[in-house]
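Structure file structure39.cif with mmCIF, C-alpha atoms:
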```
data_run
#
loop_
_atom_site.label_atom_id
_atom_site.label_comp_id
_atom_site.auth_asym_id
_atom_site.auth_seq_id
_atom_site.Cartn_x
_atom_site.Cartn_y
_atom_site.Cartn_z
CA MET M 1 79.91 99.32 101.83
CA SER M 2 78.70 102.82 102.57
CA GLN M 3 79.80 106.20 101.26
CA PRO M 4 83.52 107.02 100.99
CA LEU M 5 85.41 108.16 104.03
CA ASP M 6 86.03 111.79 104.82
CA ALA M 7 89.65 112.92 104.62
CA PRO M 8 91.81 112.53 107.72
CA ALA M 9 92.11 115.45 110.13
CA SER M 10 95.73 116.00 109.00
CA PRO M 11 95.81 115.71 105.18
CA ARG M 12 98.87 113.97 103.80
CA ARG M 13 101.05 115.77 101.27
CA PRO M 14 100.58 113.97 97.93
CA GLY M 15 103.69 112.18 96.79
CA ALA M 16 105.58 112.68 100.04
CA VAL M 17 108.05 109.88 100.77
CA VAL M 18 106.61 107.89 103.67
CA ALA M 19 108.94 104.87 103.81
CA THR M 20 112.25 103.93 102.26
CA GLY M 21 114.27 100.76 102.09
CA HIS M 22 117.89 101.36 101.06
CA ASP M 23 120.07 98.44 100.01
CA LEU M 24 118.36 96.14 102.50
CA THR M 25 120.17 92.85 103.07
CA LYS M 26 119.13 90.10 105.44
CA VAL M 27 121.23 86.98 106.05
CA TYR M 28 120.16 84.23 108.41
CA GLY M 29 122.86 82.01 109.90
CA GLU M 30 126.59 82.01 109.25
CA GLY M 31 129.18 80.26 107.11
CA GLU M 32 128.05 77.39 104.92
CA THR M 33 124.59 77.37 106.47
CA ALA M 34 123.94 81.08 105.81
CA VAL M 35 120.76 81.88 103.89
CA THR M 36 120.39 85.23 102.15
CA ALA M 37 116.75 86.34 102.31
CA LEU M 38 117.40 89.85 100.97
CA ALA M 39 120.32 90.84 98.77
CA GLY M 40 120.32 94.63 98.55
CA VAL M 41 116.72 95.71 97.91
CA SER M 42 115.90 99.42 97.60
CA ALA M 43 112.47 101.03 97.13
CA ARG M 44 110.53 104.14 98.12
CA PHE M 45 106.86 104.39 99.08
CA VAL M 46 104.93 107.65 98.83
CA SER M 47 101.67 108.93 100.24
CA GLY M 48 98.55 107.93 98.36
CA GLU M 49 100.21 104.91 96.76
CA PHE M 50 99.10 101.29 97.01
CA THR M 51 102.01 98.92 96.32
CA ALA M 52 101.86 95.14 95.96
CA ILE M 53 105.01 93.13 96.66
CA MET M 54 105.05 89.92 94.65
CA GLY M 55 107.36 86.98 94.15
CA PRO M 56 107.60 83.20 94.44
CA SER M 57 107.94 81.50 97.81
CA GLY M 58 111.33 82.28 99.33
CA SER M 59 111.79 85.42 97.23
CA GLY M 60 112.17 87.63 100.30
CA LYS M 61 108.95 89.61 99.98
CA SER M 62 107.79 89.09 103.59
CA THR M 63 111.31 89.69 104.93
CA PHE M 64 111.44 92.95 102.97
CA MET M 65 108.15 94.10 104.47
CA HIS M 66 109.19 93.08 107.99
CA CYS M 67 112.42 95.08 107.70
CA LEU M 68 110.54 98.12 106.39
CA ALA M 69 108.04 97.90 109.24
CA GLY M 70 110.63 97.45 111.99
CA LEU M 71 109.49 93.90 112.72
CA ASP M 72 112.89 92.52 111.69
CA THR M 73 116.38 94.00 111.65
CA PRO M 74 118.35 93.99 108.38
CA THR M 75 121.88 92.63 108.36
CA SER M 76 122.89 95.73 106.41
CA GLY M 77 121.22 98.63 104.66
CA SER M 78 118.63 100.90 106.23
CA ALA M 79 114.87 101.26 106.61
CA TRP M 80 113.26 104.64 107.14
CA ILE M 81 109.76 105.78 108.11
CA GLY M 82 109.65 109.37 106.96
CA ASP M 83 112.94 110.92 108.10
CA THR M 84 113.44 108.40 110.93
CA ASP M 85 116.09 105.71 110.51
CA LEU M 86 114.68 102.67 112.32
CA ALA M 87 118.20 101.57 113.27
CA SER M 88 118.57 104.73 115.35
CA LEU M 89 115.73 103.73 117.69
CA ASP M 90 115.95 101.62 120.81
CA GLU M 91 113.25 98.99 121.35
CA ALA M 92 110.95 101.30 123.35
CA ARG M 93 111.08 104.07 120.74
CA LEU M 94 110.66 101.57 117.91
CA THR M 95 107.58 100.12 119.60
CA ARG M 96 106.17 103.63 119.98
CA LEU M 97 106.81 104.43 116.32
CA ARG M 98 105.05 101.25 115.22
CA ARG M 99 102.04 102.11 117.37
CA GLU M 100 101.80 105.71 116.24
CA ARG M 101 102.92 105.70 112.60
CA ILE M 102 102.40 102.19 111.24
CA GLY M 103 99.26 100.11 110.77
CA PHE M 104 99.30 96.34 110.25
CA VAL M 105 96.85 93.96 108.60
CA PHE M 106 97.74 90.26 108.79
CA GLN M 107 96.36 87.18 107.07
CA SER M 108 95.41 85.66 110.43
CA PHE M 109 93.50 88.80 111.54
CA ASN M 110 95.27 88.83 114.96
CA LEU M 111 92.18 89.98 116.84
CA LEU M 112 91.97 89.45 120.59
CA PRO M 113 89.10 86.99 121.20
CA THR M 114 87.99 88.52 124.51
CA LEU M 115 87.58 92.03 123.09
CA THR M 116 84.67 93.38 121.07
CA ALA M 117 85.16 94.60 117.52
CA LEU M 118 85.29 98.21 118.74
CA GLU M 119 87.79 97.35 121.48
CA ASN M 120 89.98 95.56 118.92
CA ILE M 121 89.80 98.55 116.59
CA THR M 122 90.86 101.05 119.26
CA LEU M 123 93.44 98.79 120.92
CA PRO M 124 96.56 100.36 119.30
CA CYS M 125 95.33 103.82 120.29
CA ASP M 126 94.62 102.60 123.83
CA LEU M 127 98.11 101.11 124.10
CA ALA M 128 99.61 104.38 122.87
CA GLY M 129 97.58 106.35 125.42
CA VAL M 130 95.68 108.37 122.79
CA SER M 131 92.06 108.56 121.73
CA PRO M 132 91.05 108.09 118.10
CA ASP M 133 89.20 111.00 116.55
CA PRO M 134 85.48 110.17 117.10
CA ALA M 135 84.34 111.50 113.72
CA TRP M 136 87.11 109.61 111.92
CA LEU M 137 86.27 106.41 113.80
CA ARG M 138 82.58 106.70 112.88
CA GLU M 139 83.42 107.22 109.21
CA LEU M 140 85.86 104.33 109.28
CA VAL M 141 83.50 101.73 110.73
CA SER M 142 80.67 102.98 108.50
CA ALA M 143 82.76 102.66 105.34
CA LEU M 144 83.71 99.12 106.33
CA GLY M 145 80.12 98.14 107.11
CA LEU M 146 80.86 97.47 110.78
CA SER M 147 78.53 99.93 112.51
CA ASP M 148 76.15 97.17 113.67
CA ARG M 149 78.96 94.77 114.63
CA LEU M 150 80.99 96.85 117.08
CA GLY M 151 79.71 95.00 120.14
CA HIS M 152 80.44 91.56 118.69
CA ARG M 153 83.49 89.49 119.59
CA PRO M 154 85.60 87.87 116.85
CA ASP M 155 83.94 84.45 117.17
CA GLN M 156 80.62 86.15 116.37
CA LEU M 157 81.93 87.61 113.12
CA SER M 158 82.55 86.08 109.71
CA GLY M 159 86.08 85.90 108.33
CA GLY M 160 85.46 88.89 106.10
CA GLN M 161 84.06 90.91 109.01
CA GLN M 162 87.06 90.01 111.15
CA GLN M 163 89.45 91.19 108.43
CA ARG M 164 87.49 94.43 108.05
CA VAL M 165 87.87 94.94 111.81
CA ALA M 166 91.60 94.40 111.31
CA CYS M 167 91.60 97.04 108.55
CA ALA M 168 89.77 99.49 110.78
CA ARG M 169 92.27 98.83 113.56
CA ALA M 170 95.16 99.50 111.18
CA LEU M 171 93.69 102.87 110.14
CA ALA M 172 92.14 104.04 113.44
CA SER M 173 95.21 106.05 114.47
CA GLN M 174 95.62 107.51 110.94
CA PRO M 175 99.12 106.01 110.51
CA ALA M 176 101.68 107.14 107.97
CA ILE M 177 101.72 103.72 106.33
CA VAL M 178 99.78 100.45 106.44
CA PHE M 179 101.52 97.12 105.85
CA ALA M 180 99.27 94.23 104.83
CA ASP M 181 100.67 90.68 104.78
CA GLU M 182 98.50 88.41 102.58
CA PRO M 183 95.38 90.19 103.93
CA THR M 184 92.96 88.12 101.80
CA GLY M 185 94.65 84.76 102.20
CA ASN M 186 91.97 83.38 104.54
CA LEU M 187 88.97 84.97 102.80
CA ASP M 188 86.60 83.90 100.05
CA SER M 189 86.65 85.92 96.83
CA ARG M 190 83.77 88.23 97.80
CA ALA M 191 85.13 89.10 101.23
CA GLY M 192 88.62 89.47 99.77
CA ALA M 193 87.36 91.90 97.13
CA GLN M 194 85.73 94.02 99.84
CA VAL M 195 88.96 94.27 101.82
CA LEU M 196 91.04 95.03 98.72
CA SER M 197 88.56 97.67 97.56
CA PHE M 198 88.83 99.36 100.93
CA LEU M 199 92.62 99.33 100.89
CA GLN M 200 92.52 100.76 97.37
CA MET M 201 90.07 103.46 98.43
CA SER M 202 92.14 104.38 101.47
CA ALA M 203 95.06 105.11 99.14
CA THR M 204 93.20 106.88 96.34
CA MET M 205 90.78 108.92 98.47
CA LEU M 206 92.58 109.34 101.79
CA GLY M 207 96.18 109.60 100.67
CA GLN M 208 97.05 106.53 102.74
CA THR M 209 100.23 104.62 101.89
CA VAL M 210 99.56 100.88 101.63
CA VAL M 211 102.17 98.16 101.11
CA MET M 212 100.75 94.67 100.59
CA VAL M 213 102.56 91.36 100.30
CA THR M 214 100.54 88.94 98.19
CA HIS M 215 100.94 85.94 95.89
CA ASP M 216 97.57 86.60 94.21
CA PRO M 217 97.62 88.36 90.78
CA VAL M 218 93.99 89.43 91.25
CA ALA M 219 94.85 91.10 94.56
CA ALA M 220 97.88 92.80 93.02
CA ALA M 221 95.65 94.30 90.30
CA TYR M 222 94.05 96.55 92.95
CA ALA M 223 97.42 98.24 93.53
CA ASP M 224 98.98 101.24 91.78
CA ARG M 225 102.20 99.34 91.20
CA ALA M 226 103.70 95.92 91.82
CA LEU M 227 107.27 95.18 92.85
CA PHE M 228 108.57 91.71 92.01
CA LEU M 229 111.24 90.01 94.09
CA ALA M 230 113.17 86.86 93.19
CA ASP M 231 116.03 85.29 95.14
CA GLY M 232 116.11 88.25 97.51
CA ARG M 233 116.45 90.87 94.76
CA LEU M 234 114.10 93.41 93.20
CA VAL M 235 113.86 92.20 89.59
CA HIS M 236 110.87 94.01 88.08
CA GLU M 237 108.41 96.85 88.67
CA MET M 238 105.00 97.23 87.06
CA THR M 239 102.74 100.30 87.18
CA ASP M 240 98.95 99.94 86.96
CA PRO M 241 99.24 96.16 87.15
CA SER M 242 96.56 93.92 85.68
CA ALA M 243 95.87 90.41 86.89
CA SER M 244 96.91 88.98 83.51
CA GLY M 245 100.10 91.06 83.40
CA VAL M 246 101.09 90.01 86.90
CA LEU M 247 100.36 86.36 86.07
CA GLU M 248 102.57 86.52 83.00
CA GLN M 249 105.39 88.05 85.04
CA MET M 250 105.03 85.35 87.70
CA LYS M 251 105.24 82.69 84.98
CA THR M 252 108.73 83.92 84.11
CA PHE M 253 109.83 83.00 87.64
CA ASP M 254 108.38 79.51 87.25
CA ALA M 255 110.15 79.12 83.90
CA GLY M 256 113.41 80.25 85.42
CA GLN M 257 113.13 77.76 88.28
CA GLN M 258 112.44 74.95 85.81
CA GLN M 259 115.54 75.85 83.80
CA VAL M 260 117.65 75.84 86.98
CA ALA M 261 116.21 72.44 87.93
CA ARG M 262 117.31 71.03 84.56
#
```

Do you think you could lay out the structure here as structure tokens?
Amino acid sequence: MSQPLDAPASPRRPGAVVATGHDLTKVYGEGETAVTALAGVSARFVSGEFTAIMGPSGSGKSTFMHCLAGLDTPTSGSAWIGDTDLASLDEARLTRLRRERIGFVFQSFNLLPTLTALENITLPCDLAGVSPDPAWLRELVSALGLSDRLGHRPDQLSGGQQQRVACARALASQPAIVFADEPTGNLDSRAGAQVLSFLQMSATMLGQTVVMVTHDPVAAAYADRALFLADGRLVHEMTDPSASGVLEQMKTFDAGQQQVAR
């Protein structure tokens, strides 16, 4: 990767609250078949912070992220981006907020196969009817090592390059917050480390807020803190997580499940 990115045109206020989940509950179904995915989870996310959300399968970590990002509607509780309550928005305004203030990075890349790397990167801006800042865009693609790949389509790129295009797309509009859902799940260790290093740098050097769902203790170690969910509840928080510390915490969930099974 090349030299670090320049700061965004509109510097973020350090420590400003960017997103909030308050007592988020999500129940699927009704009566005896009801399944509680979230059971009153609250957390705040501030500018310049990289947060990993961890937990065993079925813990509610992806549901929590989807509610925070306006991709799913909580049964009760509230999700805020800045001072905007997502429940107060109709579908058109919610779509606009997601385009303008939220970036997404998914495990499956979600690139359009008929578009070039550059066209994929600028797609959210194009849909919003705005142009990305040219200097910012140049710095972004340079930092991600994509300057000589902008004319290539996804099938001409490696998995790591495709995910870096997805990262550039998420940051092109300089969003308030970036949500990453298992962003290294389809990558080898080297490509995954490049993506995680960039997400880490975007938080530490650019003041970007990053929230990442992951099951990987090594990935979580790139974050400033890790939130642990189990059975739809927030059960532990760890600052400056290490891979070994996260692994030990995850083992407690496995031990708990074994005791329940007995």

On this file, the PyMOL selection byres ((chain M and resi 56-68) around 10) gives some set of residues; write that set as a CSV table (one decimal) with C-alpha atoms, in the frame of the given file.
```
chain,number,residue,atom,x,y,z
M,19,ALA,CA,108.9,104.9,103.8
M,20,THR,CA,112.2,103.9,102.3
M,21,GLY,CA,114.3,100.8,102.1
M,22,HIS,CA,117.9,101.4,101.1
M,24,LEU,CA,118.4,96.1,102.5
M,25,THR,CA,120.2,92.8,103.1
M,26,LYS,CA,119.1,90.1,105.4
M,36,THR,CA,120.4,85.2,102.2
M,37,ALA,CA,116.8,86.3,102.3
M,38,LEU,CA,117.4,89.8,101.0
M,39,ALA,CA,120.3,90.8,98.8
M,41,VAL,CA,116.7,95.7,97.9
M,42,SER,CA,115.9,99.4,97.6
M,43,ALA,CA,112.5,101.0,97.1
M,52,ALA,CA,101.9,95.1,96.0
M,53,ILE,CA,105.0,93.1,96.7
M,54,MET,CA,105.0,89.9,94.6
M,55,GLY,CA,107.4,87.0,94.2
M,69,ALA,CA,108.0,97.9,109.2
M,70,GLY,CA,110.6,97.4,112.0
M,71,LEU,CA,109.5,93.9,112.7
M,72,ASP,CA,112.9,92.5,111.7
M,73,THR,CA,116.4,94.0,111.6
M,74,PRO,CA,118.4,94.0,108.4
M,75,THR,CA,121.9,92.6,108.4
M,77,GLY,CA,121.2,98.6,104.7
M,78,SER,CA,118.6,100.9,106.2
M,79,ALA,CA,114.9,101.3,106.6
M,80,TRP,CA,113.3,104.6,107.1
M,81,ILE,CA,109.8,105.8,108.1
M,86,LEU,CA,114.7,102.7,112.3
M,179,PHE,CA,101.5,97.1,105.8
M,180,ALA,CA,99.3,94.2,104.8
M,181,ASP,CA,100.7,90.7,104.8
M,182,GLU,CA,98.5,88.4,102.6
M,211,VAL,CA,102.2,98.2,101.1
M,212,MET,CA,100.8,94.7,100.6
M,213,VAL,CA,102.6,91.4,100.3
M,214,THR,CA,100.5,88.9,98.2
M,215,HIS,CA,100.9,85.9,95.9
M,227,LEU,CA,107.3,95.2,92.8
M,228,PHE,CA,108.6,91.7,92.0
M,229,LEU,CA,111.2,90.0,94.1
M,230,ALA,CA,113.2,86.9,93.2
M,231,ASP,CA,116.0,85.3,95.1
M,232,GLY,CA,116.1,88.2,97.5
M,233,ARG,CA,116.4,90.9,94.8
M,234,LEU,CA,114.1,93.4,93.2
M,250,MET,CA,105.0,85.4,87.7
M,251,LYS,CA,105.2,82.7,85.0
M,253,PHE,CA,109.8,83.0,87.6
M,254,ASP,CA,108.4,79.5,87.2
M,257,GLN,CA,113.1,77.8,88.3
```

Can you measure atom CA of M:Asp23 to atom CA of M:Ala87 for me? One decimal in Å is fine.
13.8 Å

For the provided coordinates, the residues matched by the PyMOL selection byres ((chain M and resi 99) around 12) should be stated as number ranges by chain.
M: 69-70, 92-98, 100-104, 122-130, 169-178

Between atom CA of M:Pro134 and atom CA of M:Ala117, measure the distance and give it in Å to one decimal.
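Atom CA of M:Ala117 lies 15.6 Å from atom CA of M:Pro134.
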
Convert the output of the PyMOL selection byres ((chain M and resi 162) around 12) on the shown file into explicit residues, formatted as a PyMOL selection string.
chain M and resi 105-113+116-118+120-121+144-146+149-150+152-161+163-169+183-184+186-187+191-192+195

Gap from atom CA of M:Val210 to atom CA of M:Glu49 - Å, one decimal
6.4 Å

Using only C-alpha atoms, which of M:Val141, M:Ala226, M:Leu206, M:Ala243 sits nearest M:Phe45?
M:Ala226

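Using only C-alpha atoms, the shortest contact distance between M:Ala223 and any of M:Ala34, M:Gly185, M:His236, M:Ala203 is found at M:Ala203.
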
Could you give me, as a list in words, the residues within 9 Å of M:Asp240, counting only C-alpha atoms and dropping anything in the same chain fewer than 2 positions from it?
Ala221, Tyr222, Ala223, Asp224, Arg225, Ala226, Met238 and Ser242 of chain M

Please identify all polymer residues within 8 Å of M:Val17, counting all atoms listed in the file, omitting same-chain residues fewer than 4 positions from it, and present them as an MDAnalysis selection string.
chainID M and resid 44:47 82
